[in-house]
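What follows is start-v4.cif (mmCIF, C-alpha atoms and all ligand atoms).
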data_my_file
loop_
_atom_site.label_atom_id
_atom_site.label_comp_id
_atom_site.auth_asym_id
_atom_site.auth_seq_id
_atom_site.Cartn_x
_atom_site.Cartn_y
_atom_site.Cartn_z
CA MET A 1 112.92 59.68 105.86
CA THR A 2 112.05 56.06 106.68
CA GLY A 3 108.68 54.87 105.43
CA VAL A 4 106.72 52.83 107.96
CA LEU A 5 103.90 50.47 107.04
CA VAL A 6 101.25 49.72 109.67
CA PRO A 7 98.97 46.86 108.54
CA LEU A 8 95.52 46.94 110.15
CA GLY A 9 95.22 43.17 109.62
CA PRO A 10 92.41 41.03 108.19
CA ASP A 11 90.38 41.24 111.43
CA ALA A 12 90.30 45.06 111.52
CA THR A 13 86.97 46.66 112.40
CA ALA A 14 85.60 50.04 111.29
CA GLU A 15 87.12 51.58 114.44
CA LEU A 16 90.80 51.73 115.39
CA ARG A 17 91.70 49.45 118.29
CA PRO A 18 93.60 51.07 121.19
CA ALA A 19 96.66 48.90 120.35
CA THR A 20 96.64 50.20 116.76
CA ARG A 21 96.59 53.81 117.99
CA GLU A 22 99.65 52.99 120.11
CA VAL A 23 101.48 51.49 117.11
CA LEU A 24 100.63 54.56 114.99
CA THR A 25 102.00 56.80 117.75
CA LEU A 26 105.31 54.89 117.70
CA ALA A 27 105.40 54.65 113.89
CA ARG A 28 105.08 58.43 113.51
CA ASP A 29 108.32 58.92 115.43
CA LEU A 30 110.13 56.67 112.92
CA GLY A 31 108.95 58.23 109.66
CA GLU A 32 106.13 58.73 107.21
CA VAL A 33 103.28 56.35 108.02
CA THR A 34 101.35 54.32 105.45
CA VAL A 35 98.50 52.09 106.60
CA LEU A 36 97.52 48.87 104.86
CA ALA A 37 93.77 48.10 105.00
CA HIS A 38 91.90 45.22 103.43
CA THR A 39 88.59 47.05 103.07
CA THR A 40 87.97 50.66 102.01
CA PRO A 41 88.12 52.78 105.17
CA THR A 42 85.00 54.62 106.30
CA GLU A 43 85.05 58.44 106.59
CA GLU A 44 85.28 58.09 110.39
CA LEU A 45 88.23 55.69 110.20
CA LEU A 46 89.99 57.92 107.69
CA ALA A 47 89.50 60.94 109.96
CA GLU A 48 90.99 58.99 112.87
CA LEU A 49 93.95 57.82 110.79
CA GLY A 50 94.48 61.46 109.80
CA ALA A 51 94.37 62.49 113.45
CA TYR A 52 97.24 60.02 114.03
CA GLY A 53 99.28 61.50 111.20
CA VAL A 54 98.85 58.75 108.57
CA THR A 55 99.65 60.09 105.11
CA ARG A 56 98.53 57.17 102.92
CA VAL A 57 96.13 54.25 103.11
CA LEU A 58 96.73 51.36 100.72
CA VAL A 59 93.68 49.20 100.19
CA SER A 60 94.35 45.62 99.15
CA ASP A 61 91.53 43.05 98.94
CA LEU A 62 92.32 39.60 100.28
CA PRO A 63 91.09 36.38 98.65
CA GLU A 64 89.68 33.69 100.94
CA PRO A 65 90.92 32.41 103.32
CA ALA A 66 91.62 36.06 104.15
CA SER A 67 92.39 35.27 107.78
CA ALA A 68 95.24 32.91 106.81
CA ALA A 69 98.62 34.42 107.62
CA ALA A 70 100.10 33.10 104.37
CA VAL A 71 97.50 35.12 102.44
CA ALA A 72 97.60 38.40 104.42
CA ALA A 73 101.42 38.32 104.41
CA GLN A 74 101.51 38.39 100.61
CA ALA A 75 99.45 41.59 100.59
CA THR A 76 101.68 43.05 103.31
CA SER A 77 104.97 42.26 101.61
CA SER A 78 103.63 43.58 98.31
CA ALA A 79 102.55 46.83 100.06
CA VAL A 80 106.03 47.21 101.59
CA THR A 81 107.51 47.20 98.10
CA GLU A 82 104.76 49.43 96.67
CA ALA A 83 105.09 52.04 99.45
CA GLY A 84 108.89 51.77 99.66
CA CYS A 85 108.79 51.18 103.42
CA ALA A 86 111.80 50.06 105.45
CA VAL A 87 109.85 49.24 108.62
CA VAL A 88 106.65 47.26 109.15
CA LEU A 89 104.98 47.64 112.55
CA PHE A 90 102.15 45.34 113.62
CA THR A 91 100.13 45.15 116.83
CA SER A 92 100.88 41.98 118.83
CA THR A 93 97.96 39.55 118.63
CA PHE A 94 98.19 35.83 117.82
CA THR A 95 96.98 36.63 114.28
CA THR A 96 99.28 39.59 113.61
CA LYS A 97 102.33 37.81 115.05
CA GLU A 98 101.79 34.99 112.58
CA ILE A 99 101.32 37.42 109.67
CA ALA A 100 104.46 39.28 110.78
CA ALA A 101 106.48 36.05 110.70
CA HIS A 102 105.24 35.17 107.20
CA THR A 103 105.87 38.75 106.01
CA ALA A 104 109.42 38.77 107.37
CA HIS A 105 110.08 35.42 105.70
CA ARG A 106 108.80 36.69 102.33
CA LEU A 107 110.86 39.89 102.57
CA GLY A 108 113.98 38.26 104.01
CA ALA A 109 113.60 40.76 106.84
CA GLY A 110 114.64 40.61 110.48
CA LEU A 111 111.75 40.16 112.89
CA LEU A 112 111.14 41.42 116.43
CA ILE A 113 108.13 40.06 118.32
CA ASP A 114 106.37 41.79 121.25
CA VAL A 115 108.72 44.74 121.60
CA GLY A 116 107.98 47.35 124.25
CA GLY A 117 109.52 50.21 122.30
CA VAL A 118 111.29 50.88 118.98
CA HIS A 119 113.61 53.53 117.63
CA LEU A 120 115.98 53.98 114.72
CA ASP A 121 119.72 53.94 115.24
CA GLY A 122 121.71 54.80 112.13
CA GLY A 123 118.72 53.79 110.01
CA ARG A 124 118.43 50.37 111.72
CA LEU A 125 115.34 49.43 113.72
CA VAL A 126 116.10 48.75 117.37
CA GLY A 127 113.53 47.21 119.70
CA GLY A 128 113.54 46.32 123.38
CA LYS A 129 111.69 43.54 125.13
CA ARG A 130 111.69 41.60 128.38
CA ALA A 131 112.78 37.98 128.18
CA PHE A 132 112.97 34.93 130.47
CA GLY A 133 109.79 35.66 132.38
CA GLY A 134 110.55 39.35 132.63
CA THR A 135 113.92 38.89 134.37
CA TRP A 136 116.04 40.21 131.46
CA GLU A 137 115.73 43.39 129.44
CA SER A 138 116.94 42.69 125.92
CA VAL A 139 117.59 45.08 123.06
CA CYS A 140 117.82 43.87 119.46
CA GLU A 141 118.92 45.65 116.33
CA VAL A 142 117.59 44.50 112.96
CA ARG A 143 120.35 44.51 110.38
CA THR A 144 118.36 43.72 107.25
CA ASP A 145 117.19 46.48 104.88
CA VAL A 146 113.57 45.94 105.87
CA ALA A 147 112.59 45.34 109.50
CA VAL A 148 109.35 43.80 110.77
CA ALA A 149 108.20 44.14 114.37
CA THR A 150 105.12 43.52 116.49
CA VAL A 151 104.58 45.98 119.33
CA ALA A 152 103.30 44.80 122.72
CA PRO A 153 100.08 46.48 123.86
CA ASN A 154 100.48 49.40 126.30
CA ALA A 155 104.06 50.01 125.14
CA VAL A 156 103.26 53.71 124.78
CA ILE A 157 100.39 56.04 125.55
CA ALA A 158 98.55 56.70 122.28
CA ARG A 159 98.55 60.38 121.33
CA PRO A 160 97.21 62.02 118.18
CA ALA A 161 99.66 63.87 115.93
CA GLU A 162 100.35 67.56 116.52
CA GLN A 163 99.67 68.12 112.81
CA PRO A 164 96.68 66.04 111.60
CA THR A 165 96.84 64.85 108.00
CA THR A 166 94.39 64.01 105.25
CA PRO A 167 95.37 60.48 104.23
CA GLN A 168 95.43 59.66 100.55
CA VAL A 169 93.56 56.42 99.79
CA LEU A 170 95.11 54.30 97.05
CA GLY A 171 94.10 50.93 95.66
CA ALA A 172 96.97 48.45 95.96
CA PRO A 173 95.89 45.22 94.31
CA ALA A 174 98.42 42.50 94.98
CA GLN A 175 99.10 39.25 93.18
CA ILE A 176 98.16 36.76 95.89
CA ASP A 177 98.52 33.04 95.34
CA VAL A 178 96.55 31.02 97.83
CA PRO A 179 98.94 28.20 98.69
CA PRO A 180 97.84 24.82 97.33
CA ARG A 181 96.19 22.59 99.94
CA LEU A 182 95.32 25.67 102.04
CA GLU A 183 91.60 25.40 102.58
CA LEU A 184 89.46 27.05 105.23
CA LEU A 185 87.36 24.33 106.80
CA GLU A 186 85.79 26.31 109.59
CA ARG A 187 86.14 29.70 111.18
CA SER A 188 84.50 30.56 114.46
CA VAL A 189 84.58 34.20 115.44
CA ALA A 190 84.02 34.89 119.12
CA ASP A 191 81.27 37.45 119.68
CA HIS A 192 82.69 40.17 121.90
CA SER A 193 79.94 42.69 121.18
CA GLY A 194 78.44 42.21 124.67
CA ASP A 195 81.80 42.51 126.47
CA THR A 196 81.80 45.27 129.04
CA ARG A 197 85.48 44.83 129.95
CA PRO A 198 88.56 45.37 127.76
CA SER A 199 90.35 42.33 126.37
CA LEU A 200 92.84 40.77 128.79
CA ALA A 201 95.77 40.82 126.35
CA GLU A 202 95.47 44.53 125.56
CA ALA A 203 93.99 46.09 128.71
CA ALA A 204 95.80 49.01 130.32
CA ILE A 205 94.79 47.76 133.78
CA VAL A 206 94.36 44.10 134.81
CA VAL A 207 92.87 42.99 138.13
CA SER A 208 93.53 39.31 138.87
CA GLY A 209 92.13 37.18 141.63
CA GLY A 210 93.83 33.97 142.78
CA ARG A 211 93.06 31.12 145.13
CA GLY A 212 92.92 33.62 147.99
CA THR A 213 89.43 34.52 146.72
CA PHE A 214 88.26 30.99 147.58
CA GLY A 215 86.07 31.25 144.49
CA ASP A 216 84.33 34.51 145.42
CA PHE A 217 85.37 36.89 142.63
CA GLU A 218 82.81 39.58 143.42
CA PRO A 219 85.31 41.97 145.11
CA VAL A 220 87.80 41.38 142.26
CA GLU A 221 85.18 42.00 139.56
CA GLU A 222 83.90 45.12 141.34
CA LEU A 223 87.40 46.60 141.46
CA ALA A 224 88.00 45.66 137.80
CA ASP A 225 84.78 47.44 136.81
CA ALA A 226 85.51 50.50 138.94
CA LEU A 227 88.87 50.81 137.14
CA GLY A 228 87.66 49.87 133.64
CA ALA A 229 90.09 46.94 133.87
CA ALA A 230 90.23 43.41 132.46
CA LEU A 231 89.68 40.46 134.78
CA GLY A 232 92.51 37.95 135.18
CA THR A 233 93.19 34.88 137.25
CA THR A 234 95.62 32.02 137.91
CA ARG A 235 95.66 28.52 136.53
CA ASP A 236 94.61 27.03 139.86
CA CYS A 237 91.39 29.07 139.79
CA VAL A 238 90.69 27.94 136.22
CA GLU A 239 91.25 24.34 137.27
CA GLU A 240 88.82 24.87 140.17
CA GLY A 241 86.27 25.97 137.54
CA TRP A 242 85.96 29.43 139.13
CA LEU A 243 86.75 31.36 135.92
CA PRO A 244 87.13 30.34 132.24
CA ALA A 245 90.58 29.59 130.77
CA GLU A 246 90.47 32.85 128.74
CA ALA A 247 90.99 34.73 132.01
CA MET A 248 94.22 32.88 132.88
CA VAL A 249 97.38 34.98 133.05
CA GLY A 250 100.74 33.24 132.84
CA GLN A 251 103.21 31.24 130.85
CA THR A 252 100.52 28.82 129.73
CA GLY A 253 97.79 31.47 129.68
CA THR A 254 97.65 35.00 128.31
CA THR A 255 100.75 37.18 128.49
CA VAL A 256 99.78 40.65 129.65
CA ALA A 257 101.76 43.89 129.79
CA PRO A 258 99.32 46.41 131.29
CA ARG A 259 100.33 49.73 132.81
CA VAL A 260 98.94 48.51 136.14
CA TYR A 261 98.58 44.90 137.33
CA ILE A 262 96.73 44.15 140.57
CA GLY A 263 97.04 40.60 141.93
CA ALA A 264 94.71 39.84 144.86
CA GLY A 265 95.08 36.50 146.62
CA VAL A 266 97.67 35.53 144.01
CA SER A 267 100.88 34.00 145.41
CA GLY A 268 103.02 34.87 142.37
CA ALA A 269 104.26 31.45 141.24
CA PRO A 270 106.94 31.61 138.49
CA HIS A 271 104.41 30.29 135.93
CA HIS A 272 102.12 33.22 136.74
CA ILE A 273 104.84 35.88 136.95
CA GLY A 274 106.17 34.78 133.55
CA GLY A 275 102.94 36.11 132.02
CA MET A 276 102.70 39.47 133.79
CA ALA A 277 106.23 40.58 134.62
CA GLY A 278 106.10 43.09 131.76
CA ALA A 279 103.49 45.14 133.67
CA GLY A 280 104.41 48.75 134.41
CA THR A 281 103.30 48.93 138.06
CA VAL A 282 102.46 45.81 140.07
CA ILE A 283 100.19 45.95 143.13
CA ALA A 284 99.74 42.90 145.36
CA VAL A 285 97.01 42.31 147.91
CA ASN A 286 97.78 39.34 150.13
CA ILE A 287 97.58 38.19 153.76
CA ASP A 288 101.14 36.84 153.45
CA ASP A 289 103.84 39.50 153.33
CA GLU A 290 106.33 36.90 152.08
CA ALA A 291 104.32 35.85 149.02
CA PRO A 292 106.50 36.15 145.87
CA LEU A 293 104.09 38.61 144.22
CA VAL A 294 104.33 40.85 147.31
CA GLN A 295 108.13 40.72 147.02
CA LEU A 296 107.98 41.61 143.31
CA ALA A 297 105.30 44.30 143.64
CA ASP A 298 105.85 48.05 143.52
CA PHE A 299 103.10 48.40 146.16
CA ALA A 300 101.59 45.79 148.43
CA VAL A 301 98.67 45.84 150.81
CA ILE A 302 98.85 43.15 153.47
CA GLY A 303 95.33 42.17 154.43
CA ASP A 304 92.25 40.23 153.55
CA LEU A 305 91.40 40.88 149.91
CA SER A 306 87.65 41.15 150.40
CA THR A 307 88.12 44.09 152.80
CA VAL A 308 91.01 45.73 150.93
CA LEU A 309 89.32 45.58 147.52
CA ALA A 310 85.96 46.77 148.89
CA ASP A 311 87.75 49.76 150.51
CA ALA A 312 89.52 50.49 147.21
CA VAL A 313 86.21 50.43 145.29
CA GLU A 314 84.62 52.74 147.83
CA ALA A 315 87.54 55.18 147.63
CA LEU A 316 87.39 55.14 143.82
CA ARG A 317 83.66 55.84 143.88
CA GLU A 318 84.16 58.69 146.36
CA HIS A 319 86.66 60.22 143.96
CA GLY A 320 84.40 59.72 140.96
CA GLY A 321 86.41 56.74 139.59
C1 LIG B 1 103.25 23.35 133.72
C2 LIG B 1 102.56 24.38 134.55
C3 LIG B 1 102.13 25.54 133.97
C4 LIG B 1 101.48 26.52 134.73
N1 LIG B 1 101.06 27.67 134.11
C5 LIG B 1 100.45 28.61 134.86
C6 LIG B 1 100.02 29.84 134.27
O1 LIG B 1 100.16 30.08 133.06
N2 LIG B 1 99.43 30.76 135.06
C7 LIG B 1 99.24 30.57 136.41
O2 LIG B 1 98.69 31.45 137.07
N3 LIG B 1 99.64 29.41 136.98
C8 LIG B 1 100.23 28.44 136.25
N4 LIG B 1 100.60 27.26 136.86
C9 LIG B 1 100.25 27.07 138.28
C10 LIG B 1 101.23 27.80 139.19
O3 LIG B 1 102.40 27.03 139.34
C11 LIG B 1 100.59 28.07 140.57
O4 LIG B 1 100.13 26.85 141.12
C12 LIG B 1 99.41 29.06 140.51
O5 LIG B 1 99.76 30.19 139.79
C13 LIG B 1 99.02 29.46 141.92
O6 LIG B 1 97.79 30.09 141.87
P1 LIG B 1 97.33 31.08 143.03
O7 LIG B 1 98.34 32.16 143.22
O8 LIG B 1 95.92 31.47 142.72
O9 LIG B 1 97.25 30.12 144.30
P2 LIG B 1 98.19 29.94 145.56
O10 LIG B 1 99.59 29.70 145.17
O11 LIG B 1 97.51 28.92 146.41
O12 LIG B 1 98.16 31.36 146.28
C14 LIG B 1 97.04 31.89 146.95
C15 LIG B 1 97.49 33.18 147.64
O13 LIG B 1 96.36 33.79 148.23
C16 LIG B 1 96.78 34.32 149.48
N5 LIG B 1 95.56 34.46 150.28
C17 LIG B 1 94.85 33.49 150.92
N6 LIG B 1 93.76 34.03 151.51
C18 LIG B 1 93.79 35.35 151.24
C19 LIG B 1 92.93 36.43 151.58
N7 LIG B 1 91.82 36.24 152.28
N8 LIG B 1 93.25 37.66 151.14
C20 LIG B 1 94.38 37.88 150.42
N9 LIG B 1 95.23 36.89 150.07
C21 LIG B 1 94.93 35.64 150.47
C22 LIG B 1 97.77 33.33 150.02
O14 LIG B 1 98.61 33.94 150.98
C23 LIG B 1 98.52 32.95 148.74
O15 LIG B 1 99.64 33.80 148.53
C24 LIG B 1 101.25 26.30 136.11
C25 LIG B 1 101.71 25.11 136.70
C26 LIG B 1 102.35 24.17 135.93
C27 LIG B 1 102.81 22.90 136.60
#
Take the structure in the file and write it out as structure tokens.
Amino acid sequence: MTGVLVPLGPDATAELRPATREVLTLARDLGEVTVLAHTTPTEELLAELGAYGVTRVLVSDLPEPASAAAVAAQATSSAVTEAGCAVVLFTSTFTTKEIAAHTAHRLGAGLLIDVGGVHLDGGRLVGGKRAFGGTWESVCEVRTDVAVATVAPNAVIARPAEQPTTPQVLGAPAQIDVPPRLELLERSVADHSGDTRPSLAEAAIVVSGGRGTFGDFEPVEELADALGAALGTTRDCVEEGWLPAEAMVGQTGTTVAPRVYIGAGVSGAPHHIGGMAGAGTVIAVNIDDEAPLVQLADFAVIGDLSTVLADAVEALREHGG
């Protein structure tokens, strides 16, 4: 049976992130799952890991700068050897993608970034992803003995294991050499404790408003909140100063792959589509039935967004969300 290592990463919190639950769900289908943590897991975290079928937790402290990919990757590659794993599955954040690249380099392993699904074929890891702005479906097989992959958020619906486990916690001290000249000068951690919406990159539903809002995002925000969705936008709206750059979806903004993407007053320029074409179901709201996003969408509502979105919010409230 293939051993799969799922690193929680240096930024892990005491609670499992939704994206990590999804990766554990996929990992379980590949083989026996070992988790790598950098702090001793709490009872609650251990219970949740057990619910997802994790059999072992390796705990490896990281020296400072712990957030540096070159440091975390040494602990990860050492854990792969220690646990005898043939597959390493990460979530897909900027931090974990960088650690995955360093880990693959250290292990001489093939690397897949942002895959939407993985399976084993004759013992080799195979992953699929959309390329060229979502216009091509590509499938890659890793032919090295160890395979490293990062899994795009919302690739699967997270589901606990049929047979919960009691994970064994083992210390896994690793020999980590902080590379010379690597010095942490400053680290600013964004405070998301007050956030009421999910993060744009990992949300299961994204509601974006474009220039068609003319700067009034109230209907877009109300729909996002009624759906428990993240708020997105286009570059033009960011340049207008209507929303901050963190909300921008697209080739030069955040790439999203939610289950549902709603674009209201968004024309669907190639730069925008390149960042959301991996969405499961696309819904467009636009006054122009020839807008590219309307053409690409699975469903489109032709009409003024303020009326259409207000009606949608009312209908959701009537049906209890
Ligand atoms: C190098 C480069 C990189 C870029 N990167 C990005 C990127 O990462 N992300 C990104 O988004 N853009 C990016 N852009 C900009 C991109 O090319 C488009 O200009 C932008 O996406 C268009 O934004 P929009 O859809 O909000 O506006 P528009 O194209 O102006 O579309 C507005 C839409 O609203 C509709 N509308 C108007 N009134 C209403 C109404 N009352 N109700 C409903 N619909 C209405 C209109 O019919 C229209 O379809 C980039 C551009 C360049 C040059």
Can you tell me which residues come within 6 Å of ligand LIG 1 (chain B) when counting only C-alpha atoms and all ligand atoms, ideally as a CSV table (one decimal) with C-alpha atoms, in the coordinates of the input?
chain,number,residue,atom,x,y,z
A,210,GLY,CA,93.8,34.0,142.8
A,211,ARG,CA,93.1,31.1,145.1
A,212,GLY,CA,92.9,33.6,148.0
A,234,THR,CA,95.6,32.0,137.9
A,235,ARG,CA,95.7,28.5,136.5
A,236,ASP,CA,94.6,27.0,139.9
A,237,CYS,CA,91.4,29.1,139.8
A,249,VAL,CA,97.4,35.0,133.0
A,250,GLY,CA,100.7,33.2,132.8
A,251,GLN,CA,103.2,31.2,130.8
A,252,THR,CA,100.5,28.8,129.7
A,253,GLY,CA,97.8,31.5,129.7
A,264,ALA,CA,94.7,39.8,144.9
A,265,GLY,CA,95.1,36.5,146.6
A,266,VAL,CA,97.7,35.5,144.0
A,267,SER,CA,100.9,34.0,145.4
A,268,GLY,CA,103.0,34.9,142.4
A,269,ALA,CA,104.3,31.4,141.2
A,271,HIS,CA,104.4,30.3,135.9
A,272,HIS,CA,102.1,33.2,136.7
A,285,VAL,CA,97.0,42.3,147.9
A,286,ASN,CA,97.8,39.3,150.1
A,287,ILE,CA,97.6,38.2,153.8
A,288,ASP,CA,101.1,36.8,153.4
A,291,ALA,CA,104.3,35.8,149.0
A,303,GLY,CA,95.3,42.2,154.4
A,304,ASP,CA,92.2,40.2,153.6
A,305,LEU,CA,91.4,40.9,149.9
Using only C-alpha atoms, which of A:Pro292, A:Gly84, A:Pro198, A:Pro167 sits nearest A:Ile273?
->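 Closest to A:Ile273, using only C-alpha atoms: A:Pro292.
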Go ahead and fit an axis-aligned box to every listed atom of stretch 269-275 of chain A plus 6 Å each side, and pass me the centre and edge lengths in Å, one decimal, as AutoDock Vina command-line options.
--center_x 104.5 --center_y 33.2 --center_z 136.6 --size_x 16.8 --size_y 17.8 --size_z 21.2
With distances taken over all atoms listed in the file, which of A:Thr150, A:Thr95, A:Thr39, A:Gln175 is nearest to A:Ala75?
->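 Closest candidate: A:Gln175.
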Select, from A:Ile157, A:Val294, A:Ala68, A:Asp216, the residue with the minimum atom-to-atom distance to A:Ser306, counting all atoms listed in the file.
->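 The shortest atom-to-atom distance to A:Ser306 comes from A:Asp216.
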Could you state the separation of atom CA of A:Thr40 and atom CA of A:Val156 in Å, given to one decimal place?
-> 27.6 Å
Closest of A:Leu293, A:Ala66, A:Ala147, A:Val80 to A:Gly127 - atom-to-atom distances counting only C-alpha atoms |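 Of all the options, A:Ala147 lies closest to A:Gly127.
The nearest approach to A:Gly50 among the residues A:Ala161, A:Ala69, A:Ala86, A:Ala12, with all atoms listed in the file taken into account, belongs to A:Ala161.
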Which neighbours of A:Leu200 fall inside 8 Å, counting only C-alpha atoms, when residues of the same chain fewer than 3 positions from it are skipped, and could you give them as a ChimeraX atom specification?
-> /A:203,206,230-232,247,254,256
For atom CA of A:Met276 and atom CA of A:Ile262, the interatomic separation in Å (one decimal) |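 Value for the atom CA of A:Met276-atom CA of A:Ile262 distance: 10.2 Å.
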Contacts of stretch 183-192 of chain A at 9 Å or less, counting all atoms listed in the file, minus same-chain residues fewer than 3 places along, as a PyMOL selection string?
-> chain A and resi 64-65+68+178-180+195-196
Name the residues within 9 Å of (84.2, 26.4, 144.1), counting only C-alpha atoms in the file's coordinates, and put them as an NGL selection string.
-> :A and (214-216 or 237 or 240-242)
Got a sec: who's within 9 Å of A:His102, counting only C-alpha atoms, leaving out chain neighbours fewer than 2 positions off, as a PyMOL selection string?
-> chain A and resi 69-70+72-74+97-100+104-107
Name the residues in contact with A:Arg21 at a cut-off of 9 Å, using all atoms listed in the file, excluding same-chain residues fewer than 5 positions from it; report them as number ranges by chain.
-> A: 16, 26, 49, 52, 157-160
Selection file, C-alpha atoms, as a PDB file, keeping the file's coordinate frame:
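Resulting contents of again16.pdb:
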ATOM      1  CA  LEU A  16      90.800  51.730 115.390  1.00  0.00           C
ATOM      2  CA  LEU A  26     105.310  54.890 117.700  1.00  0.00           C
ATOM      3  CA  LEU A  49      93.950  57.820 110.790  1.00  0.00           C
ATOM      4  CA  TYR A  52      97.240  60.020 114.030  1.00  0.00           C
ATOM      5  CA  ILE A 157     100.390  56.040 125.550  1.00  0.00           C
ATOM      6  CA  ALA A 158      98.550  56.700 122.280  1.00  0.00           C
ATOM      7  CA  ARG A 159      98.550  60.380 121.330  1.00  0.00           C
ATOM      8  CA  PRO A 160      97.210  62.020 118.180  1.00  0.00           C
TER       9      PRO A 160
END
